[in-house]
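First up is the structure itself, then whatever we jot down about it.
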Amino acid sequence: MTELVSPAYPGLGDRLAQIRSDIAEACRAADRKPESTTLIVVTKFHPASLVRELAALGVRDVGENRHQEAQDKAAELTDLDLNWHFIGQLQTKKARQAARYASAIHSIDRERLVDALAEGDRAIDAFVQVNMTDDPGRGGVAPAELERLAERVAAAPALRLRGVMAVAPLEEEPARAFARLADYSAQVRAIDPAATDISAGMTHDFAEAIAAGATHLRIGSAITGKRPEPR
Ligand SMILES: *Cc1c(COP(=O)(O)O)cnc(C)c1O
């Protein structure tokens, strides 16, 4: 048999398999089907070669949080059938460029960004990011502004409102934070019943996120290993 995976990233396939099995286990515990979740492997700071290896292992969804880096990797890997999920803070002036390679943007946090993306020529899946902390410097819209922003996304021709996204605050029990997020999700579903998705859950809290209904898991280091220093 030919070796499908090069030895450049030892253990990568095993870690991926372990996380897939942990996800399935958390789904069973929550009485959910594993197919109700999408695993997005967060590949930020890792080279394109690692993304290529993940694709060879069957990964289809990858997450990136910096526009320049994501754009470069996507350009290098156009031969692969990958969905690029943009999960970081996005500058308004870079929005149209990100919309060229990204199939989904999880970090919609202000009206100006919606307006910049509204008239694109390709439909983008849009998640409204909610700030779960009291610190306005953290990513996401304040909960009080969520409905207004979600309405704006729902009205934007090139955006398909998929639901909400959040990062659980370090200082809060993840299960509690994700229970709040489920309430925010209900607010968005009241605006658009099709916007049922919840992007939540990272390396250390994906089981709690699954229990609270997360549909899009953004998992990095548990699969890729330690991240290199940002370039
Ligand atoms: C880096 C990152 C992740 C993945 O974090 P891990 O702890 O490595 O799983 C998920 N979501 C966002 C928004 C990130 O920036």
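By convention in this document, the chains of the structure tokens carry letters A, B, ... by their order, each chain's residues are numbered from 1, and ligands are numbered from 1 in the order they are shown.
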
Can you tell me, as a PyMOL selection string, what residues are no more than 8 Å from A:Glu64 when counting only C-alpha atoms, ignoring any on the same chain fewer than 6 positions away?
-> chain A and resi 42-44+70+84-88

Could you build a table of the residues in chain A lying no more than 7 Å from ligand 1, giving for each the nearest pair of atoms and their separation in Å rounded to one decimal place, using only C-alpha atoms and all ligand atoms, ordered by chain and ascending residue number, as a tab-separated table?
residue	atom	partner	partner_atom_place_in_ligand_line	distance
A:Val42	CA	ligand 1	4 (C)	5.4
A:Lys44	CA	ligand 1	1 (C)	6.8
A:Asn65	CA	ligand 1	15 (O)	5.8
A:Ile87	CA	ligand 1	13 (C)	5.0
A:Gly88	CA	ligand 1	13 (C)	5.7
A:Val167	CA	ligand 1	13 (C)	6.4
A:Met202	CA	ligand 1	9 (O)	4.1
A:Thr203	CA	ligand 1	9 (O)	3.6
A:His204	CA	ligand 1	7 (O)	6.3
A:Arg218	CA	ligand 1	10 (C)	4.6
A:Ile219	CA	ligand 1	9 (O)	3.8
A:Gly220	CA	ligand 1	8 (O)	3.5
A:Ser221	CA	ligand 1	8 (O)	3.7
A:Ala222	CA	ligand 1	9 (O)	6.1

Which is closer to A:Ala17 than all the others in A:Val164, A:Ala30, A:Val59, A:Leu50, using only C-alpha atoms?
->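 Distance minimum relative to A:Ala17 lands on A:Val59.
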
For A:Glu76, work out the shell of residues within 12 Å, counting only C-alpha atoms and skipping chain neighbours fewer than 4 positions away, then give it as a list in words.
-> Pro47, Ala48, Ser49, Val51, Arg52, Glu69, Ala70, Gln71, Asp72, Leu80, Leu82 and Tyr101 of chain A

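Near A:Ile19, within a cut-off of 9 Å and counting only C-alpha atoms, sit the residues Asp14, Arg15, Ile23, Ala24, Ile219, Ala222 and Ile223 of chain A, with same-chain residues fewer than 4 positions away left out.
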
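Counting only C-alpha atoms and comparing A:Ile198, A:Ala116, A:Ile108, A:Leu16, the residue that lies closest to A:Lys93 is A:Ala116.
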
Please, which residues of stretch 21-136 of chain A, numbered as in this document, come out strand (DSSP E) from DSSP, as a compact mmCIF listing (two decimals) with C-alpha atoms, in the first residue's frame?
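Contents of states_4.txt, as written:
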# COMPACT_ATOMS: atom_id res chain seq x y z
CA THR A 38 -19.29 20.01 11.33
CA LEU A 39 -15.69 19.77 12.43
CA ILE A 40 -13.68 22.80 11.34
CA VAL A 41 -9.98 22.20 11.86
CA VAL A 42 -8.37 25.51 12.83
CA ASP A 61 -13.44 22.36 6.54
CA VAL A 62 -10.58 24.50 7.79
CA GLY A 63 -10.58 27.64 9.91
CA GLU A 64 -8.28 30.66 9.75
CA ASN A 83 -14.23 25.07 2.63
CA TRP A 84 -12.35 27.98 4.18
CA HIS A 85 -14.00 29.35 7.32
CA PHE A 86 -12.90 32.80 8.39
CA ALA A 102 -14.03 32.06 2.31
CA SER A 103 -17.18 29.99 2.10
CA ALA A 104 -18.17 31.12 5.60
CA ILE A 105 -17.42 34.08 7.84
CA HIS A 106 -18.01 33.36 11.53
CA SER A 107 -16.98 36.76 12.86
CA ILE A 108 -19.65 39.16 11.63
CA ILE A 124 -21.26 33.53 1.90
CA ASP A 125 -22.46 31.69 5.00
CA ALA A 126 -22.60 34.25 7.78
CA PHE A 127 -22.45 33.75 11.54
CA VAL A 128 -23.00 36.70 13.84
CA GLN A 129 -20.34 36.63 16.54

Give the answer as one residue: which of A:Leu12, A:Ala98, A:Ala154, A:Ala142 has the shortest atom-to-atom distance to A:His67, using only C-alpha atoms?
->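 Selected residue with least distance to A:His67: A:Ala98.
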
Using only C-alpha atoms, determine which residues lie at most 12 Å from A:Ala190, disregarding the query and same-chain residues fewer than 3 positions distant; provide the list as a VMD selection string.
-> chain A and resid 146 to 147 150 to 151 154 163 183 to 187 193 to 196

Go ahead and write the residues just picked, all heavy atoms, as a short mmCIF file (atom, residue, chain, number, x, y, z; two decimals), in the first residue's frame.
data_model
loop_
_atom_site.label_atom_id
_atom_site.label_comp_id
_atom_site.auth_asym_id
_atom_site.auth_seq_id
_atom_site.Cartn_x
_atom_site.Cartn_y
_atom_site.Cartn_z
N LEU A 146 -27.47 42.27 19.11
CA LEU A 146 -27.47 41.06 18.27
C LEU A 146 -28.62 41.05 17.26
O LEU A 146 -28.41 40.80 16.07
CB LEU A 146 -27.52 39.82 19.16
CG LEU A 146 -27.75 38.48 18.45
CD1 LEU A 146 -26.60 38.18 17.50
CD2 LEU A 146 -27.89 37.35 19.48
N GLU A 147 -29.82 41.32 17.73
CA GLU A 147 -30.98 41.19 16.83
C GLU A 147 -30.87 42.15 15.66
O GLU A 147 -31.14 41.79 14.51
CB GLU A 147 -32.27 41.39 17.61
CG GLU A 147 -32.53 40.21 18.55
CD GLU A 147 -33.86 40.29 19.29
OE1 GLU A 147 -34.62 41.24 19.03
OE2 GLU A 147 -34.12 39.41 20.11
N ALA A 150 -28.32 40.86 13.23
CA ALA A 150 -28.80 39.67 12.53
C ALA A 150 -29.83 40.04 11.45
O ALA A 150 -29.83 39.46 10.36
CB ALA A 150 -29.39 38.67 13.52
N GLU A 151 -30.67 41.01 11.75
CA GLU A 151 -31.64 41.47 10.74
C GLU A 151 -30.93 42.04 9.52
O GLU A 151 -31.33 41.82 8.38
CB GLU A 151 -32.58 42.53 11.35
CG GLU A 151 -33.71 41.91 12.14
CD GLU A 151 -34.43 42.91 13.04
OE1 GLU A 151 -34.13 44.13 12.98
OE2 GLU A 151 -35.29 42.45 13.82
N ALA A 154 -29.57 39.19 7.53
CA ALA A 154 -30.66 38.50 6.85
C ALA A 154 -31.10 39.26 5.60
O ALA A 154 -31.53 38.65 4.61
CB ALA A 154 -31.85 38.31 7.80
N GLY A 163 -26.44 31.64 11.65
CA GLY A 163 -26.66 31.55 13.08
C GLY A 163 -25.66 32.39 13.85
O GLY A 163 -25.23 33.43 13.37
N ASP A 183 -29.55 30.76 24.05
CA ASP A 183 -30.61 31.79 24.09
C ASP A 183 -30.41 32.80 22.96
O ASP A 183 -31.38 33.22 22.31
CB ASP A 183 -30.59 32.54 25.43
CG ASP A 183 -31.02 31.64 26.59
OD1 ASP A 183 -31.67 30.61 26.33
OD2 ASP A 183 -30.70 31.97 27.75
N TYR A 184 -29.17 33.19 22.71
CA TYR A 184 -28.92 34.13 21.61
C TYR A 184 -29.29 33.49 20.27
O TYR A 184 -29.82 34.15 19.38
CB TYR A 184 -27.45 34.58 21.59
CG TYR A 184 -26.99 35.23 22.88
CD1 TYR A 184 -25.71 35.02 23.38
CD2 TYR A 184 -27.85 36.05 23.60
CE1 TYR A 184 -25.28 35.61 24.55
CE2 TYR A 184 -27.43 36.64 24.79
CZ TYR A 184 -26.15 36.41 25.26
OH TYR A 184 -25.74 36.99 26.43
N SER A 185 -29.01 32.21 20.16
CA SER A 185 -29.38 31.48 18.94
C SER A 185 -30.89 31.53 18.73
O SER A 185 -31.37 31.73 17.61
CB SER A 185 -28.88 30.03 19.05
OG SER A 185 -29.45 29.24 18.04
N ALA A 186 -31.65 31.39 19.81
CA ALA A 186 -33.12 31.44 19.70
C ALA A 186 -33.57 32.82 19.23
O ALA A 186 -34.51 32.94 18.43
CB ALA A 186 -33.76 31.09 21.04
N GLN A 187 -32.89 33.86 19.68
CA GLN A 187 -33.23 35.23 19.22
C GLN A 187 -33.03 35.35 17.71
O GLN A 187 -33.82 35.98 17.01
CB GLN A 187 -32.35 36.27 19.91
CG GLN A 187 -32.65 36.49 21.38
CD GLN A 187 -31.68 37.51 22.00
OE1 GLN A 187 -31.03 38.28 21.30
NE2 GLN A 187 -31.57 37.49 23.31
N PRO A 193 -35.95 31.59 10.74
CA PRO A 193 -36.05 30.22 11.27
C PRO A 193 -35.00 29.27 10.69
O PRO A 193 -34.73 28.22 11.29
CB PRO A 193 -37.46 29.78 10.86
CG PRO A 193 -38.20 31.05 10.58
CD PRO A 193 -37.20 32.05 10.12
N ALA A 194 -34.41 29.63 9.54
CA ALA A 194 -33.39 28.76 8.95
C ALA A 194 -32.02 28.95 9.59
O ALA A 194 -31.10 28.16 9.35
CB ALA A 194 -33.31 29.01 7.44
N ALA A 195 -31.87 30.00 10.38
CA ALA A 195 -30.54 30.32 10.95
C ALA A 195 -30.31 29.54 12.23
O ALA A 195 -30.20 30.09 13.33
CB ALA A 195 -30.43 31.82 11.18
N THR A 196 -30.22 28.24 12.11
CA THR A 196 -30.18 27.36 13.27
C THR A 196 -28.78 26.99 13.74
O THR A 196 -28.63 26.27 14.73
CB THR A 196 -30.92 26.04 12.93
OG1 THR A 196 -30.31 25.50 11.76
CG2 THR A 196 -32.39 26.27 12.68
#

Taking into account only C-alpha atoms, which residue in the set A:Glu35, A:Glu111, A:His46, A:Ala200 is nearest to A:Lys73?
-> A:His46

Separation of atom CA of A:Leu77 from atom CA of A:Gly201, in Å and rounded to one decimal |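 Distance reported for this atom pair: 26.2 Å.
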
Can you list every residue in chain A that DSSP puts in alpha helix (DSSP H), as number ranges by chain?
-> A: 12-29, 48-56, 67-76, 95-101, 111-118, 146-154, 174-191, 206-211, 221-224

Can you tell me, as number ranges by chain, what residues are no more than 7 Å from A:Ser199 when counting only C-alpha atoms, ignoring any on the same chain fewer than 5 positions away?
-> A: 164-166, 214-217

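The interatomic distance for the pair atom CA of A:Ala118 and atom CA of A:Arg100 works out to 13.1 Å.
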
Using only C-alpha atoms, determine which residues lie at most 8 Å from stretch 169-181 of chain A, disregarding the query and same-chain residues fewer than 5 positions distant; provide the list as a PyMOL selection string.
-> chain A and resi 132-133+164+200+205+208-209+212

Atom pair atom CA of A:Asp135 / atom CA of A:Gln91: separation (Å) |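 It comes out at 19.2 Å.
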